[in-house]
Amino acid sequence: MSFQDQIIQGIPSTLPAKKKRTLSISHAPKRKDILSLEEKKLALKNALRYFPKEWHKELALEFLEELKDYGRIYMYRFMPDYAMYARPISEYPAHSKAAAAIMLMIQNNLDPAVAQHPEELITYGGNGAVFQNWAQYLLTMKYLSEMTDEQTLHIYSGHPMGLFPSSQEAPRVIVTNGMMIPNYSKPDDWERFNALGVTQYGQMTAGSYMYIGPQGIVHGTTITVMNAFRKKLKPEESPKGKIFLTAGLGGMSGAQPKAGNIAGCVTVCAEVNPAAARKRHEQGWVDELIEEMDELVERIKNAKKYKEIVSIAFLGNVVDVWERFDQEDIFVELGSDQTSLHNPWAGGYYPVGLSFEESNRLMAENPEAFKAKVQESLRRQAAAINRHAARGTYFFDYGNAFLLEASRAGAEVMAENGIDFRYPSYVQDILGPMCFDYGFGPFRWVCTSGKAEDLRKTDRIATRVLKEIMNNAPGSVSQQMQDNIKWIEEAEKNNLVVGSQARILYADAEGRSKIAAAFNQSISNGEISAPIVLGRDHHDVSGTDSPYRETSNIYDGSRYTADMAIHNVIGDSFRGATWVSIHNGGGVGWGEVINGGFGLVLDGSEKAEKSLKSMLFYDVNNGIARRAWARNPGSIEAIQREMKRTPGLKVSVPNLVDEEVLRNILP
């Protein structure tokens, strides 16, 4: 059967032969055995309902074996035989351009060159899933091949509930992931309900089909590291020869070395998984791979001495690096961590003193002992970081729940007031006040033609538009404008494309709308040969309510609320988004965040022009308005400027209270 025929078929009409997992790629760790006997029966019933009754006897034994061996039912037998990657949009069988674009984005998320554990349908973060199993993938692709522009596909945590009549103005797909009743949102709840096959952790851009490989986080990390060095160094100092020490090379964290190179420093990134470290080295995302600590120490001393710009992957545990650098008196200018600590007990963080293989065994066979090892490791890591910080290291939490989990482990990471952490979140210190408060966030696009030449054209268009806006930009955002112009001008030479022909930059509502309008016009006049998909990371000004990351610089007490994310996805849906998504969980953990995303297909039409202007405007300014109401000075400035520029926008702005009033009544 051809690729198109297999897509249209969905669940095969005849039972395919049993398949084995591919040994040469990375696989998800075995999940804990958490289901009771009755729950295991229920999990099998839930899995078998996708298939004809005559297959149930054979599949029941196979799925039970998967549940025992891996802790989940992935349905490996039903993995497609065709190669998984983002094809040009014209190769997808579809009645709707939007549906074809969504199929392209789904396949990009599952491309082995992009995905962390592709055969378990996990894109990044150890558990960021596109689907729970292969039956869901097959059914979803079939529905998309049949969809018209007057239908909407509703997807419940990976399960395609079905096509429902709607209208051309409605989104083509609505995605939810892990939307639990609040009291059922603890880590073990995810383990249980995911094992049952009734919910999943969509992370951020994994379950919303908007991941573009590590390029997205490269950009965010580059902006973060550049601004962190600006905070740390004197104006005349260069980051050359200065150390950025961090951890994690799998999934999104694999972008850190590339970002360090662009920022112009010495990056040391520890990784315990040999496959992840070697993959990033082979892909050219990290310059050097070192496996021995003594060799690393000597290499870093030379890099500092000769003021190099270089990225080094260390195959080992970052706790050992922090401790050894302390012993060797190697000064670390910047420190952070990007292991998947939102998922600490299931492969997101590996404890010092155990090998990768030993950790995976202990994780599955004795979860409580593994948890104790992780917490002991976190205490050691925090203690070493504290010693470095006492000498002047600027350490920031990179939103992966490091400080949260370290505090839960009893590490000394709390401030003197016993409420706050002693180290800031990177959003509190850097991205919040410098970017998000002014509406700057991760605007991304994918050229569905698959042609590098189309991507080059979009780079040139975006550069031109940003330079035009820069001429009238206020001083408060001029540095961010200049950083992003530099980024987009140099994007191609940094070889950032993995998977789809995609790009990202940080822009505000004006920048996003004007760039998108220029793209749409170029598609209309034939300069760009196929539609463009617009989107963003949920890690943005407006899409996410995350008290330890995206909204950590909200100080009016509302950072634990999720109204903004819900309004964002609802508001985008009736303003022209092609698809919308809302998730429980993201980079900081299940139960710790609610985040929403979108996709918007530009096809050169007047309808797309109208949608982009309405939707992108709201998508950004919803967040600025909330941040302004929280009394963030940058957002107050930004929303007042926007109200002067935009008729019809009228936003509640706070009346600021004189502290003296409160001191007189509450001394």
# chains A, B, ... in the order shown; residues from 1 in each chain; ligands from 1
$ residues_around --residues "Arg559 of chain A" --least-positions-apart "5" --cutoff "6 Å" --atoms "only C-alpha atoms" --output "list in words"
Pro547, Thr551 and Ile554 of chain A
$ residues_around --residues "Arg503 of chain A" --least-positions-apart "3" --cutoff "12 Å" --atoms "only C-alpha atoms" --output "PyMOL selection string"
chain A and resi 210-219+442-447+452+454-460+462+484+487-492+494-500+506+532-537
$ residues_around --residues "Pro654 of chain A" --least-positions-apart "2" --cutoff "10 Å" --atoms "only C-alpha atoms" --output "ChimeraX atom specification"
/A:628-632,636,651-652,656-657
$ select_by_dssp --residues "segment 261-474 of chain A" --states "strand (DSSP E or B)" --output "JSON, numbers by chain"
{"A": [266, 267, 268, 269, 270, 271, 288, 289, 290, 310, 311, 312, 313, 314, 315, 334, 335, 394, 395, 397, 414, 421, 425, 441, 442, 443, 444, 445, 446, 447]}
$ residues_around --residues "Glu637 of chain A" --least-positions-apart "4" --cutoff "8 Å" --atoms "only C-alpha atoms" --output "MDAnalysis selection string"
chainID A and resid 438 633 641
$ write_last_selection --atoms "N, CA and C atoms" --output "CSV table (one decimal), in the first residue's frame"
chain,number,residue,atom,x,y,z
A,438,TYR,N,6.5,42.7,28.2
A,438,TYR,CA,6.4,43.6,27.0
A,438,TYR,C,5.7,42.9,25.8
A,633,PRO,N,5.4,46.7,35.9
A,633,PRO,CA,5.6,48.0,35.2
A,633,PRO,C,5.7,47.9,33.7
A,641,ARG,N,0.4,51.6,25.8
A,641,ARG,CA,0.9,52.0,24.4
A,641,ARG,C,0.0,51.3,23.4
$ residues_around --residues "Gly410 of chain A" --least-positions-apart "2" --cutoff "10 Å" --atoms "only C-alpha atoms" --output "PDB file with all heavy atoms, in the first residue's frame"
ATOM      1  N   GLN A 375      16.374  12.185  45.798  1.00  0.00           N
ATOM      2  CA  GLN A 375      16.329  13.282  46.758  1.00  0.00           C
ATOM      3  C   GLN A 375      17.686  13.490  47.440  1.00  0.00           C
ATOM      4  O   GLN A 375      18.092  14.626  47.696  1.00  0.00           O
ATOM      5  CB  GLN A 375      15.223  13.029  47.781  1.00  0.00           C
ATOM      6  CG  GLN A 375      13.833  13.091  47.137  1.00  0.00           C
ATOM      7  CD  GLN A 375      12.706  13.148  48.132  1.00  0.00           C
ATOM      8  OE1 GLN A 375      12.712  12.425  49.130  1.00  0.00           O
ATOM      9  NE2 GLN A 375      11.718  13.988  47.865  1.00  0.00           N
ATOM     10  N   GLU A 376      18.404  12.396  47.697  1.00  0.00           N
ATOM     11  CA  GLU A 376      19.761  12.525  48.220  1.00  0.00           C
ATOM     12  C   GLU A 376      20.656  13.257  47.225  1.00  0.00           C
ATOM     13  O   GLU A 376      21.459  14.127  47.583  1.00  0.00           O
ATOM     14  CB  GLU A 376      20.334  11.138  48.515  1.00  0.00           C
ATOM     15  CG  GLU A 376      21.768  11.152  49.022  1.00  0.00           C
ATOM     16  CD  GLU A 376      22.372   9.758  49.080  1.00  0.00           C
ATOM     17  OE1 GLU A 376      21.652   8.766  48.851  1.00  0.00           O
ATOM     18  OE2 GLU A 376      23.587   9.661  49.338  1.00  0.00           O
ATOM     19  N   LEU A 378      19.713  15.390  44.891  1.00  0.00           N
ATOM     20  CA  LEU A 378      19.318  16.794  44.831  1.00  0.00           C
ATOM     21  C   LEU A 378      19.906  17.586  45.996  1.00  0.00           C
ATOM     22  O   LEU A 378      20.322  18.740  45.833  1.00  0.00           O
ATOM     23  CB  LEU A 378      17.799  16.913  44.824  1.00  0.00           C
ATOM     24  CG  LEU A 378      17.103  16.566  43.501  1.00  0.00           C
ATOM     25  CD1 LEU A 378      15.598  16.439  43.703  1.00  0.00           C
ATOM     26  CD2 LEU A 378      17.404  17.615  42.439  1.00  0.00           C
ATOM     27  N   ARG A 379      19.956  16.975  47.164  1.00  0.00           N
ATOM     28  CA  ARG A 379      20.552  17.665  48.313  1.00  0.00           C
ATOM     29  C   ARG A 379      22.042  17.925  48.077  1.00  0.00           C
ATOM     30  O   ARG A 379      22.548  19.008  48.376  1.00  0.00           O
ATOM     31  CB  ARG A 379      20.332  16.848  49.593  1.00  0.00           C
ATOM     32  CG  ARG A 379      18.876  16.827  50.066  1.00  0.00           C
ATOM     33  CD  ARG A 379      18.736  16.269  51.461  1.00  0.00           C
ATOM     34  NE  ARG A 379      19.037  14.854  51.543  1.00  0.00           N
ATOM     35  CZ  ARG A 379      18.158  13.873  51.366  1.00  0.00           C
ATOM     36  NH1 ARG A 379      16.893  14.163  51.072  1.00  0.00           N
ATOM     37  NH2 ARG A 379      18.526  12.604  51.478  1.00  0.00           N
ATOM     38  N   ALA A 382      22.399  20.708  45.326  1.00  0.00           N
ATOM     39  CA  ALA A 382      22.106  22.040  45.862  1.00  0.00           C
ATOM     40  C   ALA A 382      23.229  22.521  46.783  1.00  0.00           C
ATOM     41  O   ALA A 382      23.608  23.705  46.750  1.00  0.00           O
ATOM     42  CB  ALA A 382      20.776  22.023  46.608  1.00  0.00           C
ATOM     43  N   GLU A 405      11.661  20.691  43.431  1.00  0.00           N
ATOM     44  CA  GLU A 405      11.944  19.322  43.869  1.00  0.00           C
ATOM     45  C   GLU A 405      13.089  19.287  44.879  1.00  0.00           C
ATOM     46  O   GLU A 405      13.096  18.453  45.794  1.00  0.00           O
ATOM     47  CB  GLU A 405      12.257  18.430  42.672  1.00  0.00           C
ATOM     48  CG  GLU A 405      11.047  18.127  41.794  1.00  0.00           C
ATOM     49  CD  GLU A 405       9.914  17.436  42.550  1.00  0.00           C
ATOM     50  OE1 GLU A 405      10.180  16.751  43.561  1.00  0.00           O
ATOM     51  OE2 GLU A 405       8.752  17.603  42.139  1.00  0.00           O
ATOM     52  N   ALA A 406      14.080  20.173  44.732  1.00  0.00           N
ATOM     53  CA  ALA A 406      15.162  20.235  45.712  1.00  0.00           C
ATOM     54  C   ALA A 406      14.613  20.630  47.081  1.00  0.00           C
ATOM     55  O   ALA A 406      15.023  20.076  48.116  1.00  0.00           O
ATOM     56  CB  ALA A 406      16.231  21.217  45.251  1.00  0.00           C
ATOM     57  N   SER A 407      13.676  21.574  47.089  1.00  0.00           N
ATOM     58  CA  SER A 407      13.084  21.979  48.372  1.00  0.00           C
ATOM     59  C   SER A 407      12.288  20.834  48.987  1.00  0.00           C
ATOM     60  O   SER A 407      12.338  20.615  50.206  1.00  0.00           O
ATOM     61  CB  SER A 407      12.186  23.206  48.179  1.00  0.00           C
ATOM     62  OG  SER A 407      11.016  22.891  47.437  1.00  0.00           O
ATOM     63  N   ARG A 408      11.582  20.088  48.159  1.00  0.00           N
ATOM     64  CA  ARG A 408      10.820  18.944  48.665  1.00  0.00           C
ATOM     65  C   ARG A 408      11.733  17.844  49.189  1.00  0.00           C
ATOM     66  O   ARG A 408      11.341  17.047  50.039  1.00  0.00           O
ATOM     67  CB  ARG A 408       9.910  18.403  47.558  1.00  0.00           C
ATOM     68  CG  ARG A 408       8.746  19.321  47.224  1.00  0.00           C
ATOM     69  CD  ARG A 408       8.028  18.906  45.952  1.00  0.00           C
ATOM     70  NE  ARG A 408       6.840  19.724  45.715  1.00  0.00           N
ATOM     71  CZ  ARG A 408       6.134  19.709  44.591  1.00  0.00           C
ATOM     72  NH1 ARG A 408       6.508  18.932  43.574  1.00  0.00           N
ATOM     73  NH2 ARG A 408       5.071  20.473  44.467  1.00  0.00           N
ATOM     74  N   GLU A 412      18.956  22.803  50.935  1.00  0.00           N
ATOM     75  CA  GLU A 412      19.004  24.178  51.429  1.00  0.00           C
ATOM     76  C   GLU A 412      18.878  25.155  50.263  1.00  0.00           C
ATOM     77  O   GLU A 412      19.858  25.719  49.784  1.00  0.00           O
ATOM     78  CB  GLU A 412      20.302  24.402  52.200  1.00  0.00           C
ATOM     79  CG  GLU A 412      20.381  23.592  53.487  1.00  0.00           C
ATOM     80  CD  GLU A 412      21.619  23.911  54.302  1.00  0.00           C
ATOM     81  OE1 GLU A 412      22.305  24.905  53.984  1.00  0.00           O
ATOM     82  OE2 GLU A 412      21.903  23.157  55.238  1.00  0.00           O
ATOM     83  N   VAL A 413      17.652  25.340  49.797  1.00  0.00           N
ATOM     84  CA  VAL A 413      17.406  26.226  48.657  1.00  0.00           C
ATOM     85  C   VAL A 413      16.386  27.314  48.973  1.00  0.00           C
ATOM     86  O   VAL A 413      16.019  28.088  48.094  1.00  0.00           O
ATOM     87  CB  VAL A 413      16.943  25.432  47.406  1.00  0.00           C
ATOM     88  CG1 VAL A 413      18.046  24.524  46.904  1.00  0.00           C
ATOM     89  CG2 VAL A 413      15.665  24.647  47.696  1.00  0.00           C
ATOM     90  N   MET A 414      15.956  27.392  50.236  1.00  0.00           N
ATOM     91  CA  MET A 414      14.947  28.384  50.586  1.00  0.00           C
ATOM     92  C   MET A 414      15.599  29.689  51.029  1.00  0.00           C
ATOM     93  O   MET A 414      16.694  29.708  51.594  1.00  0.00           O
ATOM     94  CB  MET A 414      14.039  27.864  51.711  1.00  0.00           C
ATOM     95  CG  MET A 414      13.323  26.564  51.380  1.00  0.00           C
ATOM     96  SD  MET A 414      12.387  26.598  49.825  1.00  0.00           S
ATOM     97  CE  MET A 414      11.142  27.845  50.195  1.00  0.00           C
TER      98      MET A 414
END
$ closest_residue --among "A:Gln9, A:Asn595, A:Asn471, A:Ser546" --to "Ser558 of chain A" --atoms "only C-alpha atoms"
A:Ser546
$ select_by_dssp --residues "segment 283-381 of chain A" --states "helix (DSSP H, G or I)" --output "ChimeraX atom specification"
/A:293-305,318-327,356-365,367-381
$ residues_around --residues "segment 20-29 of chain A" --least-positions-apart "5" --cutoff "10 Å" --atoms "only C-alpha atoms" --output "MDAnalysis selection string"
chainID A and resid 70:71 76:77 79 112:113 115:122 126:127 250 273 275:276 279 346:348 357 359:361 363:364
$ write_last_selection --atoms "N, CA and C atoms" --output "CSV table (one decimal), in the first residue's frame"
chain,number,residue,atom,x,y,z
A,70,TYR,N,6.7,-2.8,30.2
A,70,TYR,CA,7.0,-1.4,30.0
A,70,TYR,C,6.2,-0.5,30.9
A,71,GLY,N,5.1,-1.0,31.5
A,71,GLY,CA,4.3,-0.2,32.4
A,71,GLY,C,3.2,0.5,31.6
A,76,TYR,N,2.9,-1.6,19.9
A,76,TYR,CA,4.0,-1.6,18.9
A,76,TYR,C,3.6,-2.3,17.6
A,77,ARG,N,2.8,-3.3,17.6
A,77,ARG,CA,2.4,-4.0,16.4
A,77,ARG,C,1.8,-3.1,15.4
A,79,MET,N,2.6,0.1,14.8
A,79,MET,CA,3.5,1.2,14.2
A,79,MET,C,3.5,1.1,12.7
A,112,PRO,N,12.0,10.3,14.2
A,112,PRO,CA,13.1,9.9,15.1
A,112,PRO,C,14.2,10.9,15.2
A,113,ALA,N,14.4,11.8,14.2
A,113,ALA,CA,15.4,12.8,14.3
A,113,ALA,C,15.0,13.9,15.3
A,115,ALA,N,12.1,13.4,17.8
A,115,ALA,CA,11.4,12.8,19.0
A,115,ALA,C,12.5,12.1,19.9
A,116,GLN,N,12.2,12.2,21.2
A,116,GLN,CA,13.1,11.6,22.2
A,116,GLN,C,12.9,10.1,22.2
A,117,HIS,N,11.6,9.6,22.3
A,117,HIS,CA,11.3,8.2,22.3
A,117,HIS,C,10.2,8.0,21.3
A,118,PRO,N,10.6,7.9,20.0
A,118,PRO,CA,9.6,8.0,18.9
A,118,PRO,C,8.7,6.8,19.0
A,119,GLU,N,9.1,5.6,19.3
A,119,GLU,CA,8.3,4.4,19.3
A,119,GLU,C,7.3,4.3,20.4
A,120,GLU,N,7.5,5.2,21.4
A,120,GLU,CA,6.5,5.3,22.5
A,120,GLU,C,5.7,6.6,22.3
A,121,LEU,N,5.9,7.2,21.2
A,121,LEU,CA,5.1,8.5,20.8
A,121,LEU,C,5.4,9.6,21.7
A,122,ILE,N,6.6,9.7,22.3
A,122,ILE,CA,7.1,10.7,23.2
A,122,ILE,C,8.1,11.6,22.5
A,126,GLY,N,10.8,13.1,28.5
A,126,GLY,CA,10.6,11.8,29.2
A,126,GLY,C,9.2,11.3,29.1
A,127,ASN,N,8.2,12.2,29.0
A,127,ASN,CA,6.8,11.8,29.0
A,127,ASN,C,5.9,12.7,28.2
A,250,GLY,N,18.9,15.5,26.5
A,250,GLY,CA,17.8,14.8,25.8
A,250,GLY,C,16.7,15.7,25.5
A,273,ASN,N,22.8,9.8,30.0
A,273,ASN,CA,22.4,8.9,29.0
A,273,ASN,C,23.3,8.9,27.8
A,275,ALA,N,23.3,7.5,24.9
A,275,ALA,CA,22.7,7.7,23.6
A,275,ALA,C,22.3,9.1,23.3
A,276,ALA,N,21.8,9.8,24.4
A,276,ALA,CA,21.4,11.2,24.2
A,276,ALA,C,22.6,12.1,23.9
A,279,LYS,N,24.1,11.4,20.5
A,279,LYS,CA,23.2,11.9,19.4
A,279,LYS,C,23.4,13.4,19.2
A,346,ALA,N,10.4,9.1,37.2
A,346,ALA,CA,10.2,8.3,36.1
A,346,ALA,C,11.2,8.6,34.9
A,347,GLY,N,12.4,8.9,35.3
A,347,GLY,CA,13.4,9.1,34.2
A,347,GLY,C,13.8,10.6,33.9
A,348,GLY,N,13.2,11.5,34.6
A,348,GLY,CA,13.5,12.9,34.4
A,348,GLY,C,14.8,13.4,35.0
A,357,GLU,N,21.9,2.7,33.5
A,357,GLU,CA,21.2,1.3,33.5
A,357,GLU,C,20.8,1.0,34.9
A,359,SER,N,20.0,3.0,37.4
A,359,SER,CA,18.9,3.8,37.7
A,359,SER,C,17.6,3.3,37.1
A,360,ASN,N,17.7,3.0,35.8
A,360,ASN,CA,16.5,2.5,35.2
A,360,ASN,C,15.9,1.2,35.8
A,361,ARG,N,16.8,0.3,36.3
A,361,ARG,CA,16.4,-0.9,37.0
A,361,ARG,C,15.7,-0.6,38.3
A,363,MET,N,14.4,2.2,39.3
A,363,MET,CA,13.2,3.0,39.1
A,363,MET,C,12.0,2.1,38.9
A,364,ALA,N,12.2,1.0,38.2
A,364,ALA,CA,11.1,0.0,37.9
A,364,ALA,C,10.9,-1.0,39.0
$ closest_residue --among "A:Ser185, A:Gln640, A:Ser581, A:Lys240" --to "Gly207 of chain A" --atoms "only C-alpha atoms"
A:Ser581
$ closest_residue --among "A:Gly589, A:Pro16, A:Pro80, A:Pro474" --to "Phe51 of chain A" --atoms "only C-alpha atoms"
A:Pro16
$ residues_around --residues "Val374 of chain A" --least-positions-apart "5" --cutoff "10 Å" --atoms "only C-alpha atoms" --output "ChimeraX atom specification"
/A:344-345,349-352,359,368-369,379-380,405-406,409
$ closest_residue --among "A:Met75, A:Asp603, A:Asp483, A:Phe396" --to "Asn525 of chain A" --atoms "only C-alpha atoms"
A:Asp603
$ atom_distance --atom1 "atom CA of Ile290 of chain A" --atom2 "atom CA of Arg278 of chain A"
10.3 Å
$ closest_residue --among "A:Ser208, A:Gln151, A:Thr393, A:Asn183" --to "Gly128 of chain A" --atoms "only C-alpha atoms"
A:Ser208
$ closest_residue --among "A:Ala384, A:Gly260, A:Ile300, A:Lys451" --to "Arg87 of chain A" --atoms "only C-alpha atoms"
A:Lys451
$ atom_distance --atom1 "atom CA of Ala83 of chain A" --atom2 "atom CA of Arg280 of chain A"
21.4 Å
$ decode --residues "segment 163-200 of chain A" --atoms "C-alpha atoms" --output "mmCIF file, in the first residue's frame"
data_model
loop_
_atom_site.group_PDB
_atom_site.id
_atom_site.type_symbol
_atom_site.label_atom_id
_atom_site.label_comp_id
_atom_site.auth_asym_id
_atom_site.auth_seq_id
_atom_site.Cartn_x
_atom_site.Cartn_y
_atom_site.Cartn_z
ATOM 1 C CA LEU A 163 -15.330 14.561 13.696
ATOM 2 C CA PHE A 164 -18.183 16.901 14.574
ATOM 3 C CA PRO A 165 -19.999 19.310 12.232
ATOM 4 C CA SER A 166 -18.880 22.906 12.795
ATOM 5 C CA SER A 167 -18.145 25.849 10.486
ATOM 6 C CA GLN A 168 -15.300 27.211 8.379
ATOM 7 C CA GLU A 169 -14.577 29.766 11.104
ATOM 8 C CA ALA A 170 -14.207 27.129 13.827
ATOM 9 C CA PRO A 171 -10.884 25.435 14.653
ATOM 10 C CA ARG A 172 -10.285 22.235 12.705
ATOM 11 C CA VAL A 173 -8.902 20.444 15.779
ATOM 12 C CA ILE A 174 -9.422 20.892 19.516
ATOM 13 C CA VAL A 175 -6.838 19.156 21.726
ATOM 14 C CA THR A 176 -6.902 18.600 25.473
ATOM 15 C CA ASN A 177 -4.287 16.707 27.450
ATOM 16 C CA GLY A 178 -4.467 15.579 31.054
ATOM 17 C CA MET A 179 -7.335 17.834 32.059
ATOM 18 C CA MET A 180 -7.936 16.213 35.431
ATOM 19 C CA ILE A 181 -10.337 16.979 38.235
ATOM 20 C CA PRO A 182 -8.017 19.042 40.495
ATOM 21 C CA ASN A 183 -7.768 16.505 43.323
ATOM 22 C CA TYR A 184 -6.518 13.861 40.854
ATOM 23 C CA SER A 185 -3.454 15.662 39.568
ATOM 24 C CA LYS A 186 -0.596 14.237 41.606
ATOM 25 C CA PRO A 187 2.333 12.406 39.907
ATOM 26 C CA ASP A 188 0.950 8.962 40.810
ATOM 27 C CA ASP A 189 -2.411 9.967 39.357
ATOM 28 C CA TRP A 190 -0.677 10.496 36.027
ATOM 29 C CA GLU A 191 1.033 7.110 36.345
ATOM 30 C CA ARG A 192 -2.265 5.364 37.094
ATOM 31 C CA PHE A 193 -4.565 7.047 34.586
ATOM 32 C CA ASN A 194 -1.963 6.997 31.821
ATOM 33 C CA ALA A 195 -1.428 3.269 32.426
ATOM 34 C CA LEU A 196 -5.195 2.826 32.202
ATOM 35 C CA GLY A 197 -5.092 4.536 28.794
ATOM 36 C CA VAL A 198 -7.449 7.384 29.674
ATOM 37 C CA THR A 199 -5.158 10.422 29.872
ATOM 38 C CA GLN A 200 -1.697 11.583 28.897
#
